[in-house]
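So the structure is just underneath, and the comments pick up after that.
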Amino acid sequence: MDQLPRVLFSELKIKQRVQELGATIGFDYKGKELTVISVLKGSFIFFADLIRQLDLPISCEFMGVSSYGNKTTSTGEVKLTLDLTEPLNGKHVIIVEDIVDTGLTMQYLINNLQTRKPATLKTCALLVKPDCLKCDVHIDYIGFNLGKEFVVGYGLDYAGLYRHLPYIGILENADY
Ligand code: PRP
């Protein structure tokens, strides 16, 4: 890793925004139990920070998905690589993503999870790229909107690297 990304959202800025999101979600679900689903791999750091801001009874679940295609674009074909361990029937559920780009992964997840009959199903993404959306997907809780920049850090990777960075940055001059 010979080039460090240019900081777009600092560690402090992310922390403040995650606290705000946690407070909003905590308010919206006051008095309820919540099932929160981390979509692997990218959301694991955001998810870990977000759930620690929630003053609610929480169940944590994990799903793995992969999109076919090359490393920076999605073909829209999404495959489930890891499924939940518990039924969602009658539960209040939030899907937690690190980033919504084309929206195709989130659309797949919503369609898949709706068939399991949750009481409610909402979506949360730390980052959303409104200009890149290829479908009509609604995100209930958004950390930050982005342009078309390719970002890494705080869970997001480039070729498997950079996920551990505590900030979100733009990788300039990368071959992508
Ligand atoms: C990223 C991200 C979302 C998806 C969003 O995952 O975590 O799951 O892409 O893209 P979309 O809106 O265009 O569908 P990625 O496929 O890079 O896998 P990873 O989370 O394991 O890094």
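Labels used: A, B, ... for chains in the order of the structure tokens, numbers from 1 for residues in each chain, and numbers from 1 for ligands as shown.
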Note to self: Write out as a ChimeraX atom specification the set of residues from chain A that DSSP, computed on the backbone, places in alpha helix (DSSP H).
What the structure shows: /A:11-28,44-51,104-114
The selected residues should be written to file as a compact mmCIF listing (two decimals), in the first residue's frame (atoms: N, CA, C and O atoms).
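Output contents, as saved in selection_2.txt:
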```txt
# COMPACT_ATOMS: atom_id res chain seq x y z
N GLU A 11 -12.18 10.51 10.52
CA GLU A 11 -12.62 9.61 11.58
C GLU A 11 -13.62 10.33 12.49
O GLU A 11 -14.66 9.76 12.86
N LEU A 12 -13.34 11.58 12.82
CA LEU A 12 -14.22 12.33 13.71
C LEU A 12 -15.58 12.61 13.06
O LEU A 12 -16.63 12.46 13.68
N LYS A 13 -15.53 12.99 11.79
CA LYS A 13 -16.79 13.30 11.09
C LYS A 13 -17.67 12.04 10.99
O LYS A 13 -18.89 12.11 11.17
N ILE A 14 -17.04 10.91 10.72
CA ILE A 14 -17.80 9.65 10.64
C ILE A 14 -18.40 9.33 12.01
O ILE A 14 -19.58 8.98 12.13
N LYS A 15 -17.58 9.49 13.04
CA LYS A 15 -18.05 9.17 14.40
C LYS A 15 -19.28 10.00 14.76
O LYS A 15 -20.28 9.49 15.29
N GLN A 16 -19.21 11.30 14.45
CA GLN A 16 -20.34 12.20 14.76
C GLN A 16 -21.59 11.79 13.98
O GLN A 16 -22.69 11.77 14.53
N ARG A 17 -21.40 11.44 12.71
CA ARG A 17 -22.56 11.08 11.88
C ARG A 17 -23.16 9.74 12.35
O ARG A 17 -24.39 9.59 12.36
N VAL A 18 -22.32 8.82 12.73
CA VAL A 18 -22.81 7.52 13.21
C VAL A 18 -23.58 7.71 14.52
O VAL A 18 -24.62 7.08 14.74
N GLN A 19 -23.11 8.60 15.35
CA GLN A 19 -23.84 8.91 16.59
C GLN A 19 -25.22 9.48 16.27
O GLN A 19 -26.22 9.12 16.90
N GLU A 20 -25.27 10.37 15.29
CA GLU A 20 -26.56 10.95 14.89
C GLU A 20 -27.51 9.89 14.35
O GLU A 20 -28.70 9.85 14.68
N LEU A 21 -26.97 9.02 13.50
CA LEU A 21 -27.81 7.96 12.94
C LEU A 21 -28.32 7.04 14.04
O LEU A 21 -29.49 6.64 14.05
N GLY A 22 -27.45 6.72 14.99
CA GLY A 22 -27.85 5.86 16.11
C GLY A 22 -28.96 6.50 16.93
O GLY A 22 -29.92 5.84 17.33
N ALA A 23 -28.84 7.80 17.14
CA ALA A 23 -29.87 8.51 17.91
C ALA A 23 -31.20 8.51 17.17
O ALA A 23 -32.27 8.31 17.75
N THR A 24 -31.15 8.74 15.86
CA THR A 24 -32.38 8.76 15.05
C THR A 24 -33.05 7.39 15.04
O THR A 24 -34.27 7.27 15.24
N ILE A 25 -32.26 6.35 14.82
CA ILE A 25 -32.82 4.99 14.79
C ILE A 25 -33.36 4.62 16.17
O ILE A 25 -34.45 4.06 16.30
N GLY A 26 -32.62 4.96 17.20
CA GLY A 26 -33.06 4.67 18.57
C GLY A 26 -34.40 5.33 18.88
O GLY A 26 -35.28 4.74 19.52
N PHE A 27 -34.55 6.57 18.39
CA PHE A 27 -35.82 7.29 18.58
C PHE A 27 -36.95 6.60 17.81
O PHE A 27 -38.04 6.37 18.34
N ASP A 28 -36.68 6.25 16.55
CA ASP A 28 -37.72 5.67 15.69
C ASP A 28 -38.20 4.31 16.20
O ASP A 28 -39.35 3.93 15.96
N PHE A 44 -18.97 -4.14 7.87
CA PHE A 44 -18.68 -4.66 9.22
C PHE A 44 -18.21 -3.59 10.21
O PHE A 44 -18.57 -3.63 11.39
N ILE A 45 -17.47 -2.61 9.76
CA ILE A 45 -16.98 -1.58 10.69
C ILE A 45 -18.09 -0.58 11.02
O ILE A 45 -18.34 -0.26 12.19
N PHE A 46 -18.79 -0.12 10.01
CA PHE A 46 -19.92 0.78 10.22
C PHE A 46 -20.95 0.11 11.13
O PHE A 46 -21.46 0.72 12.09
N PHE A 47 -21.26 -1.14 10.84
CA PHE A 47 -22.24 -1.90 11.63
C PHE A 47 -21.83 -1.96 13.10
O PHE A 47 -22.63 -1.71 14.00
N ALA A 48 -20.56 -2.30 13.34
CA ALA A 48 -20.07 -2.44 14.72
C ALA A 48 -20.17 -1.12 15.47
O ALA A 48 -20.52 -1.10 16.66
N ASP A 49 -19.89 -0.03 14.79
CA ASP A 49 -19.98 1.29 15.44
C ASP A 49 -21.44 1.70 15.63
O ASP A 49 -21.81 2.24 16.68
N LEU A 50 -22.27 1.44 14.62
CA LEU A 50 -23.68 1.87 14.68
C LEU A 50 -24.43 1.15 15.81
O LEU A 50 -25.15 1.79 16.58
N ILE A 51 -24.28 -0.16 15.90
CA ILE A 51 -25.08 -0.90 16.90
C ILE A 51 -24.70 -0.47 18.31
O ILE A 51 -25.54 -0.53 19.21
N LEU A 104 -28.35 -2.00 -6.83
CA LEU A 104 -28.82 -3.34 -7.23
C LEU A 104 -28.68 -4.36 -6.10
O LEU A 104 -29.53 -5.24 -5.94
N THR A 105 -27.61 -4.23 -5.31
CA THR A 105 -27.44 -5.15 -4.18
C THR A 105 -28.55 -4.92 -3.15
O THR A 105 -29.18 -5.87 -2.66
N MET A 106 -28.81 -3.65 -2.84
CA MET A 106 -29.84 -3.35 -1.86
C MET A 106 -31.22 -3.78 -2.37
O MET A 106 -32.04 -4.31 -1.62
N GLN A 107 -31.47 -3.58 -3.64
CA GLN A 107 -32.75 -4.00 -4.22
C GLN A 107 -32.93 -5.52 -4.08
O GLN A 107 -33.99 -6.00 -3.70
N TYR A 108 -31.86 -6.24 -4.36
CA TYR A 108 -31.90 -7.70 -4.21
C TYR A 108 -32.19 -8.08 -2.75
O TYR A 108 -33.02 -8.94 -2.47
N LEU A 109 -31.51 -7.41 -1.83
CA LEU A 109 -31.69 -7.73 -0.40
C LEU A 109 -33.11 -7.44 0.06
O LEU A 109 -33.71 -8.24 0.78
N ILE A 110 -33.64 -6.29 -0.35
CA ILE A 110 -35.01 -5.94 0.04
C ILE A 110 -35.99 -6.99 -0.48
O ILE A 110 -36.84 -7.51 0.26
N ASN A 111 -35.85 -7.33 -1.76
CA ASN A 111 -36.76 -8.32 -2.34
C ASN A 111 -36.64 -9.67 -1.65
O ASN A 111 -37.63 -10.33 -1.35
N ASN A 112 -35.40 -10.06 -1.36
CA ASN A 112 -35.16 -11.35 -0.70
C ASN A 112 -35.76 -11.36 0.71
O ASN A 112 -36.46 -12.29 1.10
N LEU A 113 -35.49 -10.29 1.47
CA LEU A 113 -35.91 -10.29 2.88
C LEU A 113 -37.41 -10.07 3.05
O LEU A 113 -38.00 -10.56 4.01
N GLN A 114 -38.02 -9.37 2.10
CA GLN A 114 -39.48 -9.17 2.19
C GLN A 114 -40.22 -10.49 2.14
O GLN A 114 -41.29 -10.64 2.76
```
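Taking only C-alpha atoms and all ligand atoms into account, the protein and nucleic acid residues that come at most 7 Å from ligand 1 are Val39, Leu40, Lys41, Gly42, Ser43, Val65, Ser66, Ser67, Thr73, Ser74, Gly76, Glu97, Asp98, Ile99, Val100, Asp101, Thr102, Gly103, Leu104, Thr105, Met106, Leu156 and Asp157 of chain A.
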Serialized selection, N, CA, C and O atoms, as a PDB file, in the first residue's frame:
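Once written, again.pdb looks like this:
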```pdb
ATOM      1  N   VAL A  39     -24.386  -6.416   6.066  1.00  0.00           N
ATOM      2  CA  VAL A  39     -24.126  -7.017   4.758  1.00  0.00           C
ATOM      3  C   VAL A  39     -22.614  -7.040   4.551  1.00  0.00           C
ATOM      4  O   VAL A  39     -21.969  -6.000   4.423  1.00  0.00           O
ATOM      5  N   LEU A  40     -22.066  -8.240   4.540  1.00  0.00           N
ATOM      6  CA  LEU A  40     -20.613  -8.416   4.482  1.00  0.00           C
ATOM      7  C   LEU A  40     -20.113  -8.328   3.044  1.00  0.00           C
ATOM      8  O   LEU A  40     -20.866  -8.610   2.127  1.00  0.00           O
ATOM      9  N   LYS A  41     -18.834  -7.923   2.854  1.00  0.00           N
ATOM     10  CA  LYS A  41     -17.951  -7.624   3.969  1.00  0.00           C
ATOM     11  C   LYS A  41     -18.003  -6.155   4.361  1.00  0.00           C
ATOM     12  O   LYS A  41     -17.703  -5.783   5.497  1.00  0.00           O
ATOM     13  N   GLY A  42     -18.311  -5.296   3.410  1.00  0.00           N
ATOM     14  CA  GLY A  42     -18.048  -3.864   3.546  1.00  0.00           C
ATOM     15  C   GLY A  42     -18.628  -3.182   4.767  1.00  0.00           C
ATOM     16  O   GLY A  42     -18.071  -2.214   5.267  1.00  0.00           O
ATOM     17  N   SER A  43     -19.767  -3.682   5.287  1.00  0.00           N
ATOM     18  CA  SER A  43     -20.446  -2.929   6.346  1.00  0.00           C
ATOM     19  C   SER A  43     -19.950  -3.245   7.748  1.00  0.00           C
ATOM     20  O   SER A  43     -20.446  -2.686   8.721  1.00  0.00           O
ATOM     21  N   VAL A  65     -23.217 -11.194   0.362  1.00  0.00           N
ATOM     22  CA  VAL A  65     -23.653 -11.144  -1.031  1.00  0.00           C
ATOM     23  C   VAL A  65     -22.461 -10.796  -1.899  1.00  0.00           C
ATOM     24  O   VAL A  65     -21.533 -10.128  -1.457  1.00  0.00           O
ATOM     25  N   SER A  66     -22.487 -11.267  -3.120  1.00  0.00           N
ATOM     26  CA  SER A  66     -21.454 -10.823  -4.048  1.00  0.00           C
ATOM     27  C   SER A  66     -22.132 -10.542  -5.378  1.00  0.00           C
ATOM     28  O   SER A  66     -23.096 -11.203  -5.757  1.00  0.00           O
ATOM     29  N   SER A  67     -21.637  -9.500  -6.040  1.00  0.00           N
ATOM     30  CA  SER A  67     -22.172  -9.223  -7.370  1.00  0.00           C
ATOM     31  C   SER A  67     -21.174  -9.734  -8.386  1.00  0.00           C
ATOM     32  O   SER A  67     -19.967  -9.621  -8.194  1.00  0.00           O
ATOM     33  N   THR A  73     -17.435  -2.219 -11.044  1.00  0.00           N
ATOM     34  CA  THR A  73     -18.800  -2.067 -11.540  1.00  0.00           C
ATOM     35  C   THR A  73     -19.595  -3.324 -11.236  1.00  0.00           C
ATOM     36  O   THR A  73     -19.054  -4.397 -11.095  1.00  0.00           O
ATOM     37  N   SER A  74     -20.899  -3.139 -11.147  1.00  0.00           N
ATOM     38  CA  SER A  74     -21.776  -4.261 -10.837  1.00  0.00           C
ATOM     39  C   SER A  74     -22.576  -4.613 -12.073  1.00  0.00           C
ATOM     40  O   SER A  74     -23.008  -3.750 -12.815  1.00  0.00           O
ATOM     41  N   GLY A  76     -25.297  -6.346 -11.741  1.00  0.00           N
ATOM     42  CA  GLY A  76     -26.668  -6.445 -11.288  1.00  0.00           C
ATOM     43  C   GLY A  76     -27.067  -7.847 -10.913  1.00  0.00           C
ATOM     44  O   GLY A  76     -28.144  -8.072 -10.369  1.00  0.00           O
ATOM     45  N   GLU A  97     -25.815  -1.318   5.159  1.00  0.00           N
ATOM     46  CA  GLU A  97     -24.813  -1.381   4.096  1.00  0.00           C
ATOM     47  C   GLU A  97     -23.771  -0.283   4.300  1.00  0.00           C
ATOM     48  O   GLU A  97     -24.073   0.770   4.854  1.00  0.00           O
ATOM     49  N   ASP A  98     -22.565  -0.533   3.832  1.00  0.00           N
ATOM     50  CA  ASP A  98     -21.563   0.535   3.824  1.00  0.00           C
ATOM     51  C   ASP A  98     -21.861   1.529   2.710  1.00  0.00           C
ATOM     52  O   ASP A  98     -21.807   2.734   2.906  1.00  0.00           O
ATOM     53  N   ILE A  99     -22.192   1.001   1.511  1.00  0.00           N
ATOM     54  CA  ILE A  99     -22.405   1.903   0.373  1.00  0.00           C
ATOM     55  C   ILE A  99     -23.490   1.368  -0.554  1.00  0.00           C
ATOM     56  O   ILE A  99     -23.593   0.167  -0.769  1.00  0.00           O
ATOM     57  N   VAL A 100     -24.297   2.292  -1.054  1.00  0.00           N
ATOM     58  CA  VAL A 100     -25.258   1.986  -2.111  1.00  0.00           C
ATOM     59  C   VAL A 100     -24.797   2.748  -3.344  1.00  0.00           C
ATOM     60  O   VAL A 100     -24.730   3.982  -3.326  1.00  0.00           O
ATOM     61  N   ASP A 101     -24.446   1.996  -4.374  1.00  0.00           N
ATOM     62  CA  ASP A 101     -23.868   2.581  -5.591  1.00  0.00           C
ATOM     63  C   ASP A 101     -24.916   2.505  -6.702  1.00  0.00           C
ATOM     64  O   ASP A 101     -25.692   3.437  -6.901  1.00  0.00           O
ATOM     65  N   THR A 102     -25.007   1.369  -7.378  1.00  0.00           N
ATOM     66  CA  THR A 102     -26.093   1.201  -8.358  1.00  0.00           C
ATOM     67  C   THR A 102     -27.417   0.941  -7.655  1.00  0.00           C
ATOM     68  O   THR A 102     -28.483   1.111  -8.246  1.00  0.00           O
ATOM     69  N   GLY A 103     -27.341   0.463  -6.426  1.00  0.00           N
ATOM     70  CA  GLY A 103     -28.556   0.114  -5.690  1.00  0.00           C
ATOM     71  C   GLY A 103     -29.024  -1.312  -5.929  1.00  0.00           C
ATOM     72  O   GLY A 103     -29.974  -1.784  -5.293  1.00  0.00           O
ATOM     73  N   LEU A 104     -28.350  -2.005  -6.831  1.00  0.00           N
ATOM     74  CA  LEU A 104     -28.824  -3.339  -7.229  1.00  0.00           C
ATOM     75  C   LEU A 104     -28.677  -4.359  -6.103  1.00  0.00           C
ATOM     76  O   LEU A 104     -29.528  -5.242  -5.939  1.00  0.00           O
ATOM     77  N   THR A 105     -27.614  -4.233  -5.306  1.00  0.00           N
ATOM     78  CA  THR A 105     -27.445  -5.151  -4.180  1.00  0.00           C
ATOM     79  C   THR A 105     -28.553  -4.918  -3.152  1.00  0.00           C
ATOM     80  O   THR A 105     -29.178  -5.866  -2.661  1.00  0.00           O
ATOM     81  N   MET A 106     -28.805  -3.651  -2.842  1.00  0.00           N
ATOM     82  CA  MET A 106     -29.845  -3.351  -1.859  1.00  0.00           C
ATOM     83  C   MET A 106     -31.216  -3.780  -2.374  1.00  0.00           C
ATOM     84  O   MET A 106     -32.039  -4.313  -1.621  1.00  0.00           O
ATOM     85  N   LEU A 156     -14.604  -0.180   3.440  1.00  0.00           N
ATOM     86  CA  LEU A 156     -14.644  -0.259   1.970  1.00  0.00           C
ATOM     87  C   LEU A 156     -13.260  -0.579   1.418  1.00  0.00           C
ATOM     88  O   LEU A 156     -12.255  -0.013   1.891  1.00  0.00           O
ATOM     89  N   ASP A 157     -13.224  -1.417   0.411  1.00  0.00           N
ATOM     90  CA  ASP A 157     -11.931  -1.884  -0.093  1.00  0.00           C
ATOM     91  C   ASP A 157     -11.680  -1.463  -1.531  1.00  0.00           C
ATOM     92  O   ASP A 157     -12.591  -1.097  -2.280  1.00  0.00           O
TER      93      ASP A 157
END
```
Item checked: Residues near segment 134-151 of chain A, cut-off 6 Å, only C-alpha atoms, skip fewer than 3 positions along chain, as number ranges by chain -> A: 102, 123-129, 169-170
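Rounded to one decimal, atom CA of Leu171 of chain A and atom CA of Pro130 of chain A lie 19.9 Å from each other.
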Note to self: DSSP on the backbone: which residues in segment 3-176 of chain A end up as strand (DSSP E)? Give the answer as a PyMOL selection string.
What the structure shows: chain A and resi 6-9+34-40+58-67+78-82+92-100+120-128+141-145+151-152+168-170
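The nearest approach to Leu80 of chain A among the residues A:Met63, A:Ile95, A:Ile168, A:Leu161, with only C-alpha atoms taken into account, belongs to A:Met63.
If only C-alpha atoms are the atoms counted, then among A:Ser38, A:Pro166, A:Gly31, A:Gly90 the closest residue to Gly153 of chain A is A:Pro166.
All residues of protein, DNA or RNA that reach within 7 Å of His92 of chain A, judged by only C-alpha atoms and not counting those fewer than 2 positions away in the chain, are Glu33, Leu34, Thr35, Gly90, Pro118, Ala119, Thr120 and Leu121 of chain A.
Minimum atom-to-atom distance to Lys91 of chain A, evaluated using only C-alpha atoms, belongs to A:Ile58 out of A:Ile58, A:Val7, A:Leu165, A:Cys132.
The neighbours of Glu86 of chain A here are the residues that come within 10 Å of it, using only C-alpha atoms and leaving out any residue fewer than 2 positions away in the same chain; they are Thr35, Ser59, Cys60, Glu61, Asp83, Leu84, Leu88 and Asn89 of chain A.
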Go ahead and dump the residues you just picked, N, CA and C atoms, as a CSV table (one decimal), in the first residue's frame.
```
chain,number,residue,atom,x,y,z
A,35,THR,N,-33.9,-6.1,14.8
A,35,THR,CA,-32.9,-7.0,14.2
A,35,THR,C,-32.1,-6.2,13.1
A,59,SER,N,-30.8,-7.7,18.0
A,59,SER,CA,-30.3,-8.9,17.5
A,59,SER,C,-29.4,-8.6,16.3
A,60,CYS,N,-28.2,-9.2,16.2
A,60,CYS,CA,-27.3,-9.0,15.1
A,60,CYS,C,-27.3,-10.2,14.2
A,61,GLU,N,-27.5,-9.9,12.9
A,61,GLU,CA,-27.5,-10.9,11.9
A,61,GLU,C,-26.5,-10.5,10.8
A,83,ASP,N,-26.2,-16.8,4.4
A,83,ASP,CA,-27.6,-16.4,4.8
A,83,ASP,C,-27.7,-16.2,6.3
A,84,LEU,N,-28.9,-15.7,6.7
A,84,LEU,CA,-29.2,-15.5,8.1
A,84,LEU,C,-29.3,-16.8,8.8
A,88,LEU,N,-37.1,-14.1,10.1
A,88,LEU,CA,-37.4,-12.7,10.3
A,88,LEU,C,-38.8,-12.4,10.5
A,89,ASN,N,-39.6,-13.5,10.5
A,89,ASN,CA,-41.1,-13.4,10.6
A,89,ASN,C,-41.5,-12.6,11.8
```
